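Chemist: What follows is data-v7.cif; its format and atoms are mmCIF, C-alpha atoms.
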```cif
data_coords
loop_
_atom_site.label_atom_id
_atom_site.label_comp_id
_atom_site.auth_asym_id
_atom_site.auth_seq_id
_atom_site.Cartn_x
_atom_site.Cartn_y
_atom_site.Cartn_z
CA MET A 1 89.79 -36.86 106.34
CA THR A 2 88.65 -35.44 103.02
CA VAL A 3 89.97 -37.18 99.91
CA SER A 4 90.97 -34.38 97.56
CA ALA A 5 90.97 -34.61 93.77
CA ARG A 6 93.61 -31.90 93.65
CA VAL A 7 97.12 -32.89 92.66
CA PRO A 8 100.46 -31.41 93.72
CA PHE A 9 102.36 -29.02 91.52
CA GLU A 10 105.16 -30.64 89.55
CA SER A 11 107.74 -28.36 87.96
CA PRO A 12 111.54 -28.16 87.78
CA SER A 13 111.18 -24.54 88.94
CA LEU A 14 109.93 -25.51 92.42
CA TRP A 15 112.49 -24.54 95.04
CA ARG A 16 113.39 -24.56 98.72
CA GLY A 17 115.71 -22.23 100.56
CA ALA A 18 118.90 -24.28 100.26
CA GLU A 19 118.49 -24.44 96.49
CA MET A 20 118.47 -20.63 96.35
CA ALA A 21 121.48 -20.12 98.63
CA ASP A 22 123.59 -18.72 95.77
CA ALA A 23 122.21 -15.21 95.33
CA ALA A 24 124.05 -14.85 92.02
CA ALA A 25 121.56 -17.30 90.51
CA TRP A 26 118.67 -14.86 90.99
CA THR A 27 120.45 -11.49 90.92
CA VAL A 28 120.72 -9.45 87.72
CA CYS A 29 123.10 -6.47 87.84
CA LEU A 30 122.49 -3.53 85.54
CA THR A 31 125.53 -2.48 83.51
CA ASP A 32 126.71 1.12 83.26
CA ALA A 33 125.36 1.30 79.70
CA GLU A 34 121.97 0.00 80.81
CA CYS A 35 121.83 2.56 83.64
CA ASP A 36 122.73 5.32 81.19
CA GLU A 37 119.80 4.29 78.99
CA VAL A 38 117.36 4.22 81.92
CA VAL A 39 118.48 7.69 83.06
CA ALA A 40 118.34 9.21 79.57
CA THR A 41 114.89 7.73 78.89
CA ALA A 42 113.52 8.88 82.26
CA GLU A 43 114.90 12.40 81.84
CA SER A 44 113.38 12.61 78.37
CA ALA A 45 110.01 11.41 79.66
CA GLU A 46 110.16 13.96 82.48
CA ARG A 47 110.93 16.79 80.05
CA ASP A 48 108.08 15.70 77.78
CA GLY A 49 105.59 15.85 80.65
CA PHE A 50 104.83 12.15 81.00
CA THR A 51 103.46 10.80 84.27
CA PRO A 52 103.57 7.22 85.54
CA SER A 53 99.95 6.76 84.42
CA THR A 54 100.58 8.04 80.86
CA LEU A 55 103.76 6.07 80.14
CA THR A 56 103.58 3.09 77.79
CA GLU A 57 106.07 0.45 76.76
CA ASP A 58 106.62 2.36 73.49
CA THR A 59 107.06 5.78 75.09
CA PHE A 60 109.59 4.28 77.52
CA ALA A 61 111.47 2.18 74.98
CA LEU A 62 114.65 0.50 76.30
CA PRO A 63 116.22 -1.38 73.39
CA GLY A 64 119.59 -1.68 75.12
CA LEU A 65 117.92 -3.28 78.13
CA ALA A 66 115.78 -5.72 76.17
CA ALA A 67 117.92 -8.83 76.77
CA THR A 68 118.14 -8.15 80.52
CA LEU A 69 114.39 -7.61 80.79
CA ARG A 70 113.75 -10.85 78.86
CA ARG A 71 115.93 -12.73 81.32
CA CYS A 72 114.02 -11.22 84.23
CA ALA A 73 110.68 -12.13 82.63
CA ASP A 74 111.87 -15.70 82.05
CA ASP A 75 112.90 -16.01 85.70
CA LEU A 76 109.45 -14.79 86.74
CA HIS A 77 107.39 -16.98 84.43
CA THR A 78 109.40 -20.20 84.00
CA GLY A 79 112.12 -19.92 86.64
CA PRO A 80 111.99 -19.55 90.42
CA GLY A 81 109.31 -16.83 90.28
CA PHE A 82 111.44 -13.97 91.55
CA VAL A 83 114.45 -11.89 90.57
CA LEU A 84 116.57 -9.22 92.24
CA LEU A 85 117.50 -6.43 89.83
CA ARG A 86 120.54 -4.63 91.26
CA GLY A 87 121.94 -1.20 90.44
CA PHE A 88 118.85 0.87 89.58
CA PRO A 89 120.30 4.41 89.21
CA THR A 90 118.40 6.10 92.04
CA ASP A 91 121.31 8.46 92.73
CA ARG A 92 121.18 9.93 89.22
CA LEU A 93 117.49 10.75 89.02
CA THR A 94 115.09 13.19 90.65
CA ALA A 95 112.32 11.77 92.82
CA GLY A 96 109.94 12.17 89.90
CA GLY A 97 112.45 10.61 87.52
CA ILE A 98 112.79 7.57 89.75
CA ARG A 99 109.04 7.02 89.63
CA LEU A 100 108.92 7.44 85.87
CA ALA A 101 111.85 5.08 85.35
CA TYR A 102 110.41 2.42 87.65
CA VAL A 103 106.97 2.44 86.09
CA GLY A 104 108.54 2.67 82.63
CA ILE A 105 110.54 -0.49 83.22
CA GLY A 106 107.46 -2.12 84.72
CA ARG A 107 105.54 -1.44 81.51
CA HIS A 108 107.82 -3.96 79.79
CA PHE A 109 106.50 -6.68 82.14
CA GLY A 110 102.77 -5.91 82.05
CA THR A 111 100.06 -3.43 82.93
CA PRO A 112 100.56 -1.61 86.25
CA VAL A 113 97.59 -1.37 88.60
CA CYS A 114 96.78 0.50 91.81
CA LEU A 115 96.51 -1.50 95.03
CA ASP A 116 94.70 1.09 97.16
CA LEU A 117 92.25 3.99 96.92
CA SER A 118 94.97 6.55 96.20
CA GLY A 119 94.86 5.84 92.47
CA SER A 120 98.65 5.90 92.40
CA LEU A 121 100.59 3.16 90.63
CA LEU A 122 103.34 3.47 93.24
CA SER A 123 103.14 3.38 97.03
CA ASP A 124 105.80 4.27 99.57
CA VAL A 125 106.77 1.50 101.98
CA ARG A 126 108.31 3.32 104.91
CA ASP A 127 108.14 3.65 108.67
CA ASN A 128 106.14 6.80 109.32
CA GLY A 129 106.68 6.48 113.06
CA GLU A 130 102.96 5.98 113.64
CA PRO A 131 101.92 3.16 116.00
CA ARG A 132 99.52 0.66 114.48
CA ALA A 133 96.59 1.37 116.75
CA GLY A 134 94.25 -0.47 114.40
CA PRO A 135 93.80 -1.84 110.86
CA GLY A 136 93.42 1.71 109.53
CA VAL A 137 97.23 2.05 109.80
CA ARG A 138 98.86 -0.10 107.14
CA VAL A 139 101.64 -2.38 108.37
CA SER A 140 103.72 -1.18 105.40
CA HIS A 141 103.80 2.26 107.03
CA THR A 142 105.34 0.94 110.24
CA ASN A 143 108.53 -0.90 111.24
CA LEU A 144 106.54 -3.98 112.25
CA ARG A 145 107.16 -7.45 110.94
CA GLN A 146 105.02 -8.40 107.97
CA ASP A 147 104.31 -12.12 107.85
CA PHE A 148 104.41 -14.03 104.58
CA HIS A 149 101.74 -12.81 102.20
CA THR A 150 100.91 -12.24 98.56
CA ASP A 151 99.34 -9.28 96.81
CA GLN A 152 96.40 -9.41 94.42
CA VAL A 153 98.52 -8.96 91.31
CA ASP A 154 100.66 -11.17 89.09
CA VAL A 155 103.98 -9.46 89.93
CA VAL A 156 104.91 -7.08 92.75
CA ALA A 157 107.92 -4.81 92.24
CA LEU A 158 109.76 -3.31 95.21
CA LEU A 159 112.49 -0.69 94.82
CA CYS A 160 114.77 0.15 97.73
CA LEU A 161 115.48 3.89 98.05
CA HIS A 162 116.88 3.86 101.59
CA PRO A 163 117.79 0.55 103.28
CA SER A 164 116.88 -0.02 106.89
CA ARG A 165 119.65 0.60 109.43
CA THR A 166 119.17 -2.95 110.73
CA GLY A 167 116.54 -5.61 110.17
CA GLY A 168 113.93 -5.26 107.46
CA GLN A 169 115.14 -8.29 105.52
CA SER A 170 112.75 -9.44 102.82
CA GLN A 171 112.11 -13.19 102.76
CA LEU A 172 110.45 -15.35 100.11
CA VAL A 173 109.02 -18.86 99.90
CA ASP A 174 107.70 -20.80 96.92
CA ALA A 175 103.90 -20.78 97.24
CA HIS A 176 103.61 -23.96 95.19
CA VAL A 177 105.89 -25.83 97.59
CA VAL A 178 103.71 -24.62 100.48
CA PHE A 179 100.61 -25.82 98.60
CA ASN A 180 102.16 -29.25 98.01
CA GLN A 181 103.13 -29.71 101.65
CA MET A 182 99.72 -28.64 102.85
CA LEU A 183 98.02 -30.94 100.35
CA ALA A 184 100.12 -33.87 101.56
CA ARG A 185 99.34 -33.20 105.23
CA ARG A 186 95.77 -31.92 105.23
CA PRO A 187 93.93 -32.00 101.89
CA ASP A 188 90.73 -31.12 103.72
CA LEU A 189 92.22 -27.81 104.80
CA VAL A 190 93.37 -27.08 101.25
CA GLU A 191 89.70 -27.35 100.26
CA ALA A 192 88.82 -24.90 103.02
CA LEU A 193 91.11 -22.31 101.40
CA TYR A 194 88.89 -22.38 98.32
CA GLU A 195 85.95 -21.16 100.40
CA PRO A 196 85.20 -17.41 100.69
CA PHE A 197 87.06 -15.59 103.45
CA TRP A 198 86.16 -12.06 104.53
CA TRP A 199 88.91 -9.46 104.10
CA ASP A 200 89.19 -6.18 105.99
CA ARG A 201 89.29 -2.97 103.93
CA ASN A 202 91.51 -1.12 106.42
CA ASP A 203 88.89 1.60 107.00
CA GLU A 204 89.46 2.75 103.41
CA GLN A 205 86.05 1.86 102.01
CA PRO A 206 83.94 4.66 100.47
CA PRO A 207 80.96 5.89 102.53
CA GLY A 208 78.07 3.44 102.51
CA GLU A 209 80.15 0.44 101.40
CA PRO A 210 80.78 -2.60 103.62
CA PRO A 211 84.02 -2.67 105.62
CA ALA A 212 84.99 -6.14 104.38
CA TYR A 213 84.60 -8.25 101.25
CA PRO A 214 84.60 -11.99 100.45
CA LEU A 215 87.38 -13.71 98.50
CA PRO A 216 88.94 -17.18 98.71
CA VAL A 217 92.63 -17.65 99.40
CA LEU A 218 92.93 -20.12 96.50
CA ARG A 219 91.23 -19.94 93.12
CA ASP A 220 91.69 -21.84 89.88
CA VAL A 221 92.01 -19.42 86.97
CA ASP A 222 92.64 -20.68 83.42
CA GLY A 223 93.80 -24.00 84.76
CA ALA A 224 96.26 -22.51 87.26
CA THR A 225 95.89 -22.09 91.02
CA ARG A 226 96.06 -18.45 92.11
CA PHE A 227 97.11 -17.45 95.63
CA PHE A 228 96.02 -14.35 97.50
CA TYR A 229 96.74 -14.29 101.20
CA ILE A 230 97.28 -11.55 103.76
CA GLY A 231 96.54 -13.16 107.08
CA TRP A 232 96.05 -10.00 109.11
CA TYR A 233 93.45 -8.70 106.63
CA ILE A 234 91.39 -11.86 107.20
CA ARG A 235 91.74 -11.76 110.97
CA ASP A 236 91.09 -8.00 111.11
CA ALA A 237 87.80 -8.51 109.26
CA GLN A 238 86.51 -10.44 112.26
CA ARG A 239 86.19 -7.13 114.15
CA HIS A 240 83.11 -6.30 112.07
CA PRO A 241 79.85 -7.82 113.35
CA GLU A 242 78.55 -8.15 109.78
CA SER A 243 81.52 -10.29 108.68
CA PRO A 244 80.76 -14.03 108.88
CA ARG A 245 82.84 -15.80 111.50
CA LEU A 246 85.69 -18.01 110.36
CA SER A 247 84.70 -21.65 110.44
CA ALA A 248 86.81 -24.04 112.50
CA ALA A 249 88.24 -25.47 109.26
CA GLN A 250 89.09 -22.01 107.90
CA ALA A 251 90.83 -20.97 111.10
CA GLU A 252 92.82 -24.21 111.18
CA ALA A 253 93.64 -23.86 107.47
CA ILE A 254 95.23 -20.42 107.74
CA ASP A 255 97.12 -21.46 110.89
CA LEU A 256 98.59 -24.45 109.06
CA LEU A 257 99.30 -22.36 105.96
CA GLU A 258 101.32 -19.91 108.05
CA ALA A 259 103.11 -22.67 109.99
CA ILE A 260 104.31 -24.32 106.78
CA THR A 261 105.23 -21.01 105.16
CA ASN A 262 107.37 -20.02 108.15
CA ARG A 263 109.48 -23.18 108.10
CA PRO A 264 113.09 -21.91 107.95
CA GLU A 265 114.23 -24.47 105.38
CA LEU A 266 111.73 -23.20 102.81
CA ARG A 267 112.72 -19.54 102.68
CA VAL A 268 115.37 -17.37 101.09
CA GLY A 269 116.32 -13.92 102.38
CA MET A 270 117.23 -10.68 100.61
CA ASP A 271 119.13 -7.85 102.28
CA PHE A 272 118.33 -4.82 100.15
CA GLN A 273 120.86 -2.24 99.06
CA ARG A 274 119.90 1.13 97.65
CA GLY A 275 118.86 0.63 94.04
CA ASP A 276 117.82 -3.01 94.51
CA SER A 277 114.51 -4.06 93.00
CA SER A 278 112.79 -7.28 94.00
CA CYS A 279 110.13 -8.70 91.69
CA PRO A 280 108.34 -11.74 93.13
CA ARG A 281 105.72 -13.76 91.23
CA GLY A 282 104.15 -16.98 92.50
CA VAL A 283 106.01 -16.67 95.79
CA ARG A 284 104.99 -15.44 99.20
CA ARG A 285 107.04 -12.74 100.91
CA ARG A 286 107.50 -11.29 104.36
CA ARG A 287 109.48 -8.47 105.98
CA ARG A 288 111.35 -8.82 109.23
CA PRO A 289 110.94 -5.99 111.78
CA SER A 290 113.32 -3.03 111.76
CA PRO A 291 114.13 -0.37 114.40
CA PRO A 292 111.87 2.68 114.70
CA ALA A 293 112.53 5.39 112.17
CA ALA A 294 114.70 8.28 113.27
CA PRO A 295 113.07 11.73 112.96
CA ALA A 296 113.57 12.92 109.37
CA PRO A 297 114.36 16.51 108.33
CA ALA A 298 111.58 18.37 106.60
CA ALA A 299 113.34 18.22 103.25
CA ALA A 300 114.03 14.48 103.36
CA PRO A 301 113.10 12.70 100.09
CA ALA A 302 110.18 10.31 100.04
CA GLY A 303 110.93 6.62 100.21
CA GLY A 304 111.94 4.02 102.73
CA PRO A 305 113.01 0.45 103.26
CA THR A 306 111.15 -2.05 101.11
#
```
Before anything else, please render the file you have as structure tokens.

Modeler:
Amino acid sequence: MTVSARVPFESPSLWRGAEMADAAAWTVCLTDAECDEVVATAESAERDGFTPSTLTEDTFALPGLAATLRRCADDLHTGPGFVLLRGFPTDRLTAGGIRLAYVGIGRHFGTPVCLDLSGSLLSDVRDNGEPRAGPGVRVSHTNLRQDFHTDQVDVVALLCLHPSRTGGQSQLVDAHVVFNQMLARRPDLVEALYEPFWWDRNDEQPPGEPPAYPLPVLRDVDGATRFFYIGWYIRDAQRHPESPRLSAAQAEAIDLLEAITNRPELRVGMDFQRGDSSCPRGVRRRRRPSPPAAPAPAAAPAGGPT
């Protein structure tokens, strides 16, 4: 077995599911005054013609919310790595106002980026009723279970507009705990995660570009280990003849990574209410399956379970 020079993470912020059983420890509820400020600022931004891409921290100033946002930022950076912000005033804003308010709040945490070719800073996570006949249909547009994964950003923010009728629970695990357990059991497979894996582009690549790209699951950036893992993207890339085949070590590594991540004692669950916002950083998340979407009326607002 490979002897690894890598060392386990040591931090008082490491957690397992039982240690997060009290949801009050990671839930921040907006006050009426804070909601009033969010609504007033969003309505002003909407009247002034701002868009999510033109908002800045200064143009969406929230002085009355500053202490709450600092607490959330502390939880993300030095605490458990996630927070549930409860009570976002979705029922008091237009669809456009909700988007402005959400991006405006996000500006106080960092720089928003787009995660797909749409160019939009926000994406709808909803069951469109379309079967996933292939990787070209994103799992986030179905009612299917999403296994534990991370996105290629520092913080992901999810806002619930319409909770699922049943199912759809969001679950989190501490990625550093998963790393430590994998390092203790199979340090050789940890090293395999630092090798390039090929990732599927979901049939969204521009004409003439390859359908997959190489990227390791683990990278060391500025002295810190960065995680990026979406298992089905890696496995879907194997459909392309030009994608290098997974080595035996790589295949075993992602199987073990998923087995550890799915251990029940490591995870904590969130049952979203309307107006809940989950912001995970340094954790891996998954969504449990939900029933198929009921046919929606033509005038139904955009949104869906997150």

Chemist: For the point (121.4, 2.9, 90.4) in file coordinates, what residues are within 10 Å, counting only C-alpha atoms? Give the answer as a PyMOL selection string?

Modeler: chain A and resi 29-32+35-36+38-39+86-93+98+161+274-276

Chemist: With the PyMOL selection byres ((chain A and resi 110) around 12) as the selection, what would be picked from this file? Answer as a PyMOL selection string, please.

Modeler: chain A and resi 56-57+69+73+103-109+111-113+153-157

Chemist: Between A:Thr68, A:Ser243, A:Ser118, A:Asn180, which has the minimum distance to Leu257 of chain A (counting all atoms listed in the file)?

Modeler: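 Between A:Thr68, A:Ser243, A:Ser118, A:Asn180, the residue approaching Leu257 of chain A most closely is A:Asn180.
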
Chemist: Give me the result of the PyMOL selection byres ((chain A and resi 11-14) around 12) on this file, residue by residue, as a PyMOL selection string.

Modeler: chain A and resi 8-10+15-20+74-82+173-180+266+282-283

Chemist: Would you mind exporting C-alpha atoms of the selected residues as a PDB file, keeping the file's coordinate frame?

Modeler:
```
ATOM      1  CA  PRO A   8     100.460 -31.410  93.720  1.00  0.00           C
ATOM      2  CA  PHE A   9     102.360 -29.020  91.520  1.00  0.00           C
ATOM      3  CA  GLU A  10     105.160 -30.640  89.550  1.00  0.00           C
ATOM      4  CA  TRP A  15     112.490 -24.540  95.040  1.00  0.00           C
ATOM      5  CA  ARG A  16     113.390 -24.560  98.720  1.00  0.00           C
ATOM      6  CA  GLY A  17     115.710 -22.230 100.560  1.00  0.00           C
ATOM      7  CA  ALA A  18     118.900 -24.280 100.260  1.00  0.00           C
ATOM      8  CA  GLU A  19     118.490 -24.440  96.490  1.00  0.00           C
ATOM      9  CA  MET A  20     118.470 -20.630  96.350  1.00  0.00           C
ATOM     10  CA  ASP A  74     111.870 -15.700  82.050  1.00  0.00           C
ATOM     11  CA  ASP A  75     112.900 -16.010  85.700  1.00  0.00           C
ATOM     12  CA  LEU A  76     109.450 -14.790  86.740  1.00  0.00           C
ATOM     13  CA  HIS A  77     107.390 -16.980  84.430  1.00  0.00           C
ATOM     14  CA  THR A  78     109.400 -20.200  84.000  1.00  0.00           C
ATOM     15  CA  GLY A  79     112.120 -19.920  86.640  1.00  0.00           C
ATOM     16  CA  PRO A  80     111.990 -19.550  90.420  1.00  0.00           C
ATOM     17  CA  GLY A  81     109.310 -16.830  90.280  1.00  0.00           C
ATOM     18  CA  PHE A  82     111.440 -13.970  91.550  1.00  0.00           C
ATOM     19  CA  VAL A 173     109.020 -18.860  99.900  1.00  0.00           C
ATOM     20  CA  ASP A 174     107.700 -20.800  96.920  1.00  0.00           C
ATOM     21  CA  ALA A 175     103.900 -20.780  97.240  1.00  0.00           C
ATOM     22  CA  HIS A 176     103.610 -23.960  95.190  1.00  0.00           C
ATOM     23  CA  VAL A 177     105.890 -25.830  97.590  1.00  0.00           C
ATOM     24  CA  VAL A 178     103.710 -24.620 100.480  1.00  0.00           C
ATOM     25  CA  PHE A 179     100.610 -25.820  98.600  1.00  0.00           C
ATOM     26  CA  ASN A 180     102.160 -29.250  98.010  1.00  0.00           C
ATOM     27  CA  LEU A 266     111.730 -23.200 102.810  1.00  0.00           C
ATOM     28  CA  GLY A 282     104.150 -16.980  92.500  1.00  0.00           C
ATOM     29  CA  VAL A 283     106.010 -16.670  95.790  1.00  0.00           C
TER      30      VAL A 283
END
```

Chemist: Please evaluate the PyMOL selection byres ((chain A and resi 136-138) around 12) against the displayed coordinates and give the resulting residues as a PyMOL selection string.

Modeler: chain A and resi 116+123-135+139-146+200-205+211+232-233+236-237

Chemist: Pick the closest to Ala251 of chain A from A:Leu193, A:Glu265, A:Ala95, A:Gln273: which is it, counting all atoms listed in the file?

Modeler: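 Result for the nearest residue to Ala251 of chain A: A:Leu193.
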
Chemist: So, with only C-alpha atoms as the atoms that count, which of A:Arg219, A:Gln181, A:Gly269, A:Thr150 lies closest to Gly231 of chain A?

Modeler: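 Result for the nearest residue to Gly231 of chain A: A:Thr150.
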
Chemist: Provide the atom CA of Trp199 of chain A to atom CA of Tyr213 of chain A distance in Å, to one decimal place.

Modeler: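 Interatomic distance here is 5.3 Å.
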
Chemist: Counting all atoms listed in the file, which residues come within 8 Å of (112.6, -7.3, 95.9), with the point read in the file's coordinates, and could you list them as a list of chain:residue names?

Modeler: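 Collected hits near the coordinates: A:Val83, A:Leu84, A:Leu85, A:Ala157, A:Leu158, A:Leu159, A:Cys160, A:Ser170, A:Met270, A:Phe272, A:Asp276, A:Ser277, A:Ser278, A:Cys279, A:Pro280, A:Thr306.
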
Chemist: For the atom pair atom CA of Ala101 of chain A and atom CA of Asp271 of chain A, what is the interatomic distance in Å to one decimal place?

Modeler: 22.5 Å

Chemist: Between A:Arg186, A:Pro196, A:Ser53, A:Pro210, which residue has the minimum interatomic distance to Glu252 of chain A, considering all atoms listed in the file?

Modeler: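 Of A:Arg186, A:Pro196, A:Ser53, A:Pro210, the one nearest Glu252 of chain A, counting all atoms listed in the file, is A:Arg186.
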
Chemist: I'd like the interatomic distance between atom CA of Arg185 of chain A and atom CA of Phe197 of chain A, to a tenth of an Å.

Modeler: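 Separation of atom CA of Arg185 of chain A and atom CA of Phe197 of chain A: 21.5 Å.
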
Chemist: Using all atoms listed in the file for the distances, tell me which of A:Thr51, A:Phe60, A:Arg165, A:Leu65 is nearest to Val28 of chain A.

Modeler: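 Of all the options, A:Leu65 lies closest to Val28 of chain A.
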
Chemist: Using all atoms listed in the file, determine which residues lie at most 8 Å from Ala45 of chain A, disregarding the query and same-chain residues fewer than 5 positions distant; provide the list as a CSV table (one decimal) with C-alpha atoms, in the coordinates of the input.

Modeler:
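The resulting file, selection-v6.csv, is shown below:
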```
chain,number,residue,atom,x,y,z
A,50,PHE,CA,104.8,12.2,81.0
A,59,THR,CA,107.1,5.8,75.1
A,60,PHE,CA,109.6,4.3,77.5
A,100,LEU,CA,108.9,7.4,85.9
```

Chemist: With distances taken over all atoms listed in the file, which residue among A:Arg239, A:Asp151, A:Tyr102, A:Leu215 lies nearest Cys114 of chain A?

Modeler: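 Nearest candidate to Cys114 of chain A out of A:Arg239, A:Asp151, A:Tyr102, A:Leu215: A:Asp151.
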
Chemist: Box for segment 231-240 of chain A: with edges along x, y and z, all listed atoms inside and 3 Å added on each side, what are the centre and edge lengths in Å to one decimal, as AutoDock Vina command-line options?

Modeler:
```
--center_x 89.8 --center_y -9.7 --center_z 110.4 --size_x 19.4 --size_y 12.9 --size_z 13.5
```
